[in-house]
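Colleague: So that you have it, the file is start-v6.cif, and it contains mmCIF, C-alpha atoms:
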data_structure
loop_
_atom_site.label_atom_id
_atom_site.label_comp_id
_atom_site.auth_asym_id
_atom_site.auth_seq_id
_atom_site.Cartn_x
_atom_site.Cartn_y
_atom_site.Cartn_z
CA MET P 1 42.51 -17.78 26.78
CA LYS P 2 39.20 -16.61 25.26
CA ILE P 3 40.84 -16.22 21.85
CA PHE P 4 42.21 -19.77 22.05
CA LYS P 5 38.75 -21.14 22.85
CA PHE P 6 37.19 -19.15 19.99
CA VAL P 7 39.79 -20.39 17.50
CA ALA P 8 39.39 -23.98 18.72
CA VAL P 9 35.60 -23.79 18.33
CA ALA P 10 35.92 -22.21 14.88
CA ILE P 11 38.30 -24.95 13.71
CA LEU P 12 36.08 -27.67 15.16
CA ALA P 13 32.99 -26.17 13.48
CA PHE P 14 34.82 -26.10 10.15
CA LEU P 15 35.89 -29.73 10.48
CA ILE P 16 32.44 -30.92 11.51
CA SER P 17 30.72 -29.00 8.70
CA SER P 18 32.42 -31.06 5.99
CA CYS P 19 29.84 -32.24 3.52
CA LEU P 20 32.06 -34.36 1.26
CA THR P 21 30.27 -37.54 0.25
CA VAL P 22 29.68 -40.02 -2.53
CA GLU P 23 26.64 -41.57 -4.19
CA LYS P 24 27.84 -45.20 -4.33
CA LYS P 25 30.80 -47.36 -3.44
CA LYS P 26 31.77 -50.52 -5.30
CA TYR P 27 34.01 -53.03 -3.54
CA LYS P 28 35.87 -55.76 -5.39
CA PHE P 29 37.92 -58.21 -3.32
CA GLU P 30 40.15 -60.41 -5.49
CA PHE P 31 41.98 -63.27 -3.77
CA THR P 32 45.50 -63.90 -5.03
CA GLY P 33 46.67 -66.06 -2.13
CA LYS P 34 45.34 -67.77 0.96
CA ASN P 35 43.08 -65.05 2.48
CA SER P 36 45.19 -62.33 0.84
CA GLY P 37 44.68 -60.32 -2.30
CA LYS P 38 43.70 -56.99 -3.76
CA LEU P 39 40.80 -54.71 -2.83
CA THR P 40 39.51 -52.13 -5.29
CA ILE P 41 37.04 -49.53 -4.04
CA THR P 42 35.36 -47.35 -6.67
CA TYR P 43 33.71 -44.16 -5.43
CA VAL P 44 30.91 -43.22 -7.85
CA ASN P 45 29.85 -39.56 -8.08
CA ILE P 46 31.86 -37.74 -5.42
CA PHE P 47 30.02 -34.56 -4.44
CA SER P 48 29.46 -31.92 -1.79
CA GLN P 49 26.24 -31.47 0.17
CA MET P 50 25.14 -27.92 0.92
CA ASP P 51 25.73 -26.73 4.46
CA ASP P 52 22.54 -24.86 5.41
CA SER P 53 22.13 -23.84 1.72
CA THR P 54 25.76 -22.65 1.58
CA ASP P 55 27.96 -24.05 -1.17
CA VAL P 56 31.03 -25.57 0.52
CA SER P 57 32.20 -27.50 -2.55
CA GLU P 58 35.57 -25.70 -2.74
CA GLN P 59 36.41 -26.65 0.84
CA ASP P 60 35.19 -30.21 0.24
CA PHE P 61 37.33 -30.56 -2.87
CA ASP P 62 40.33 -29.29 -0.90
CA GLU P 63 39.56 -31.93 1.75
CA LEU P 64 39.32 -34.60 -0.94
CA VAL P 65 42.73 -33.69 -2.38
CA ASN P 66 44.56 -32.91 0.86
CA ASP P 67 43.15 -35.57 3.19
CA TYR P 68 42.29 -38.43 0.85
CA MET P 69 44.46 -38.16 -2.27
CA ASN P 70 47.61 -36.64 -0.76
CA GLY P 71 46.86 -37.49 2.86
CA THR P 72 46.37 -40.74 4.74
CA ARG P 73 42.60 -40.82 5.38
CA ILE P 74 42.22 -44.06 3.34
CA GLU P 75 45.31 -45.64 4.88
CA ASP P 76 44.01 -44.75 8.33
CA LYS P 77 40.79 -46.69 7.60
CA TYR P 78 42.77 -49.71 6.35
CA PRO P 79 45.98 -49.68 8.44
CA MET P 80 47.00 -53.27 7.60
CA ALA P 81 46.75 -52.75 3.83
CA ALA P 82 49.79 -52.16 1.62
CA ASN P 83 50.53 -50.65 -1.78
CA VAL P 84 47.61 -48.22 -1.62
CA THR P 85 47.02 -46.31 -4.86
CA LYS P 86 44.46 -43.54 -5.40
CA LYS P 87 43.12 -41.91 -8.52
CA LEU P 88 40.39 -39.40 -9.40
CA TYR P 89 38.76 -39.48 -12.82
CA GLU P 90 35.76 -38.21 -14.75
CA GLU P 91 33.17 -40.62 -16.12
CA ASN P 92 29.72 -39.81 -17.49
CA GLY P 93 30.10 -36.19 -16.37
CA VAL P 94 30.69 -36.96 -12.68
CA LEU P 95 33.77 -37.22 -10.48
CA ASN P 96 34.75 -40.74 -9.48
CA GLY P 97 37.65 -42.14 -7.54
CA VAL P 98 39.32 -45.50 -7.30
CA VAL P 99 41.50 -46.87 -4.53
CA THR P 100 43.39 -50.14 -4.74
CA MET P 101 45.26 -51.89 -1.98
CA ASP P 102 46.84 -55.24 -1.24
CA PHE P 103 45.65 -57.06 1.85
CA PRO P 104 47.61 -59.70 3.79
CA ASN P 105 44.57 -61.24 5.50
CA LEU P 106 40.79 -60.93 5.77
CA ASP P 107 40.90 -58.66 8.83
CA ALA P 108 42.84 -56.02 6.88
CA VAL P 109 39.77 -55.35 4.69
CA ARG P 110 36.99 -56.12 7.19
CA LEU P 111 36.13 -59.59 5.92
CA TYR P 112 35.50 -62.56 8.21
CA GLN P 113 35.56 -66.33 7.91
CA PHE P 114 35.04 -68.60 10.93
CA ASN P 115 36.98 -71.52 9.42
CA LYS P 116 38.06 -72.79 5.98
CA LYS P 117 34.68 -74.42 5.33
CA SER P 118 32.47 -71.51 6.41
CA PRO P 119 31.33 -68.63 4.19
CA ILE P 120 33.34 -65.44 3.83
CA CYS P 121 31.38 -62.55 5.37
CA PHE P 122 31.24 -58.77 4.96
CA ASN P 123 29.18 -56.65 7.36
CA VAL P 124 27.60 -53.82 5.36
CA GLY P 125 26.61 -52.18 8.65
CA GLY P 126 30.29 -52.05 9.61
CA THR P 127 31.38 -49.95 6.64
CA THR P 128 33.08 -46.64 7.21
CA ASP P 129 30.50 -44.39 5.55
CA SER P 130 27.10 -45.60 6.89
CA GLU P 131 26.41 -47.46 3.68
CA THR P 132 23.30 -49.31 2.54
CA PHE P 133 23.40 -52.57 0.58
CA GLU P 134 22.54 -52.27 -3.11
CA SER P 135 23.85 -55.41 -4.84
CA SER P 136 26.43 -58.20 -4.66
CA ASN P 137 27.55 -61.44 -6.23
CA GLY P 138 27.08 -62.93 -2.75
CA THR P 139 23.98 -63.48 -0.63
CA LEU P 140 22.68 -60.82 1.75
CA GLY P 141 21.42 -62.09 5.10
CA ASN P 142 18.12 -60.76 6.36
CA SER P 143 18.94 -57.04 6.40
CA GLU P 144 16.55 -56.34 9.29
CA TYR P 145 18.80 -58.10 11.76
CA MET P 146 21.81 -59.38 9.80
CA ASN P 147 23.14 -56.86 7.30
CA VAL P 148 25.90 -59.27 6.26
CA ILE P 149 26.84 -60.60 2.82
CA PHE P 150 27.96 -64.23 2.54
CA TRP P 151 30.09 -65.87 -0.16
CA GLY P 152 31.06 -69.51 -0.55
CA PRO P 153 34.46 -70.35 0.97
CA LYS P 154 36.06 -70.98 -2.44
CA THR P 155 34.84 -67.76 -4.09
CA LYS P 156 37.82 -65.88 -5.58
CA THR P 157 36.17 -62.53 -6.39
CA LEU P 158 33.73 -60.84 -3.99
CA GLU P 159 31.74 -57.86 -5.23
CA VAL P 160 29.51 -55.44 -3.32
CA THR P 161 27.85 -52.18 -4.31
CA THR P 162 26.55 -49.89 -1.59
CA THR P 163 24.63 -46.62 -1.58
CA VAL P 164 26.00 -43.83 0.59
CA ASN P 165 24.02 -40.67 -0.28
CA GLU P 166 21.55 -39.64 -2.94
CA PHE P 167 22.61 -36.77 -5.20
CA ASP P 168 19.91 -34.08 -5.04
CA PRO P 169 20.72 -31.17 -7.41
CA ALA P 170 18.82 -28.77 -5.13
CA ASN P 171 21.08 -29.53 -2.13
CA CYS P 172 24.25 -30.99 -3.65
CA VAL P 173 27.11 -29.72 -5.79
CA SER P 174 29.12 -31.96 -8.10
CA LEU P 175 32.88 -31.65 -7.66
CA ILE P 176 33.57 -32.24 -11.36
CA SER P 177 34.28 -28.57 -12.14
CA GLN P 178 36.85 -28.37 -9.31
CA PHE P 179 38.45 -31.57 -10.60
CA ARG P 180 38.65 -30.22 -14.16
CA ARG P 181 40.46 -27.10 -12.89
CA TRP P 182 42.72 -29.16 -10.62
CA LYS P 183 43.90 -31.76 -13.12
#
For the file at hand, write its structure as structure tokens.
Modeller:
Amino acid sequence: MKIFKFVAVAILAFLISSCLTVEKKKYKFEFTGKNSGKLTITYVNIFSQMDDSTDVSEQDFDELVNDYMNGTRIEDKYPMAANVTKKLYEENGVLNGVVTMDFPNLDAVRLYQFNKKSPICFNVGGTTDSETFESSNGTLGNSEYMNVIFWGPKTKTLEVTTTVNEFDPANCVSLISQFRRWK
């Protein structure tokens, strides 16, 4: 029984210690039908944060490949989406990723519209990675109490860029070398 508890704690500690993150995320919602369309999420500069000054980048890259690329972590976050595609690539010396998916309705990609005449809304505070607003082709509400972006009801392409984590070379490790070996 003691061995089981030790193993369970060790596994839990490993899972919690994951330091896989990204510098920015770019969302592009393109409407192709009534409240349906395609979402493209670009992950800019995927990297690993040190765990108490320990380099865990190999484990984080394994998590990226196994859980996100080959696994269902993205699909789990967007369960109503279809035709999900995922790709890793190098650009400007950093590792990026892009995910595309088709969405059947606004709820599938966390958008909201009260009625046909009201704005389309996206709650930056409701994102999956504790993101901070950076820019958009919409209008940000007062971020102190309404961290929501609004677009006119007839807008066909909605764009948002958010900041997730700052890359600090003293405490972060780029995953580009792992990607180069992997591809």
Colleague: Would you mind listing what lies within 8 Å of Leu175 of chain P as a ChimeraX atom specification, with only C-alpha atoms counted and same-chain residues fewer than 3 positions away left out?
Modeller: /P:46-48,57,61,94-95,178-179
Colleague: Could you list the residues chosen by the PyMOL selection byres ((chain P and resi 21-28) around 7) in this structure as a ChimeraX atom specification?
Modeller: /P:19-20,29-30,39-48,157-167
Colleague: Quick one: apply the PyMOL selection byres ((chain P and resi 153) around 12) to the file and drop the selected residues here as a PDB file with C-alpha atoms, keeping the file's coordinate frame.
Modeller:
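Result file is out22.pdb:
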ATOM      1  CA  PHE P  31      41.980 -63.270  -3.770  1.00  0.00           C
ATOM      2  CA  LYS P  34      45.340 -67.770   0.960  1.00  0.00           C
ATOM      3  CA  ASN P  35      43.080 -65.050   2.480  1.00  0.00           C
ATOM      4  CA  LEU P 111      36.130 -59.590   5.920  1.00  0.00           C
ATOM      5  CA  TYR P 112      35.500 -62.560   8.210  1.00  0.00           C
ATOM      6  CA  GLN P 113      35.560 -66.330   7.910  1.00  0.00           C
ATOM      7  CA  PHE P 114      35.040 -68.600  10.930  1.00  0.00           C
ATOM      8  CA  ASN P 115      36.980 -71.520   9.420  1.00  0.00           C
ATOM      9  CA  LYS P 116      38.060 -72.790   5.980  1.00  0.00           C
ATOM     10  CA  LYS P 117      34.680 -74.420   5.330  1.00  0.00           C
ATOM     11  CA  SER P 118      32.470 -71.510   6.410  1.00  0.00           C
ATOM     12  CA  PRO P 119      31.330 -68.630   4.190  1.00  0.00           C
ATOM     13  CA  ILE P 120      33.340 -65.440   3.830  1.00  0.00           C
ATOM     14  CA  CYS P 121      31.380 -62.550   5.370  1.00  0.00           C
ATOM     15  CA  GLY P 138      27.080 -62.930  -2.750  1.00  0.00           C
ATOM     16  CA  PHE P 150      27.960 -64.230   2.540  1.00  0.00           C
ATOM     17  CA  TRP P 151      30.090 -65.870  -0.160  1.00  0.00           C
ATOM     18  CA  GLY P 152      31.060 -69.510  -0.550  1.00  0.00           C
ATOM     19  CA  LYS P 154      36.060 -70.980  -2.440  1.00  0.00           C
ATOM     20  CA  THR P 155      34.840 -67.760  -4.090  1.00  0.00           C
ATOM     21  CA  LYS P 156      37.820 -65.880  -5.580  1.00  0.00           C
ATOM     22  CA  THR P 157      36.170 -62.530  -6.390  1.00  0.00           C
ATOM     23  CA  LEU P 158      33.730 -60.840  -3.990  1.00  0.00           C
TER      24      LEU P 158
END
Colleague: Expand the PyMOL selection byres ((chain P and resi 84) around 10) into the individual residues it matches in the shown file, reporting them as a VMD selection string.
Modeller: chain P and resid 38 to 40 72 74 to 75 78 81 to 83 85 to 86 99 to 103
Colleague: One decimal, in Å: what's the spacing between atom CA of Asn105 of chain P and atom CA of Asp76 of chain P?
Modeller: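 Distance between the two atoms: 16.7 Å.
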Colleague: Tell me, in Å to one decimal, how far atom CA of Leu64 of chain P is from atom CA of Ser177 of chain P.
Modeller: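 According to the coordinates, atom CA of Leu64 of chain P and atom CA of Ser177 of chain P are separated by 13.7 Å.
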Colleague: Using only C-alpha atoms for the distances, tell me which of P:Leu88, P:Pro104, P:Ile149, P:Cys172 is nearest to Val124 of chain P.
Modeller: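 Closest to Val124 of chain P of all the choices is P:Ile149.
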Colleague: Please identify all polymer residues within 10 Å of Thr54 of chain P, counting all atoms listed in the file, omitting same-chain residues fewer than 4 positions from it, and present them as a ChimeraX atom specification.
Modeller: /P:49-50,171-172
Colleague: Atom CA of Arg180 of chain P to atom CA of Tyr89 of chain P: how many Å, to one decimal?
Modeller: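 Atom CA of Tyr89 of chain P lies at a distance of 9.4 Å from atom CA of Arg180 of chain P.
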Colleague: Would you mind telling me which residue in P:Val98, P:Leu140, P:Val148, P:Val56 lies nearest to Arg110 of chain P when using only C-alpha atoms?
Modeller: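 Checking each candidate against Arg110 of chain P, we get P:Val148 as the closest.
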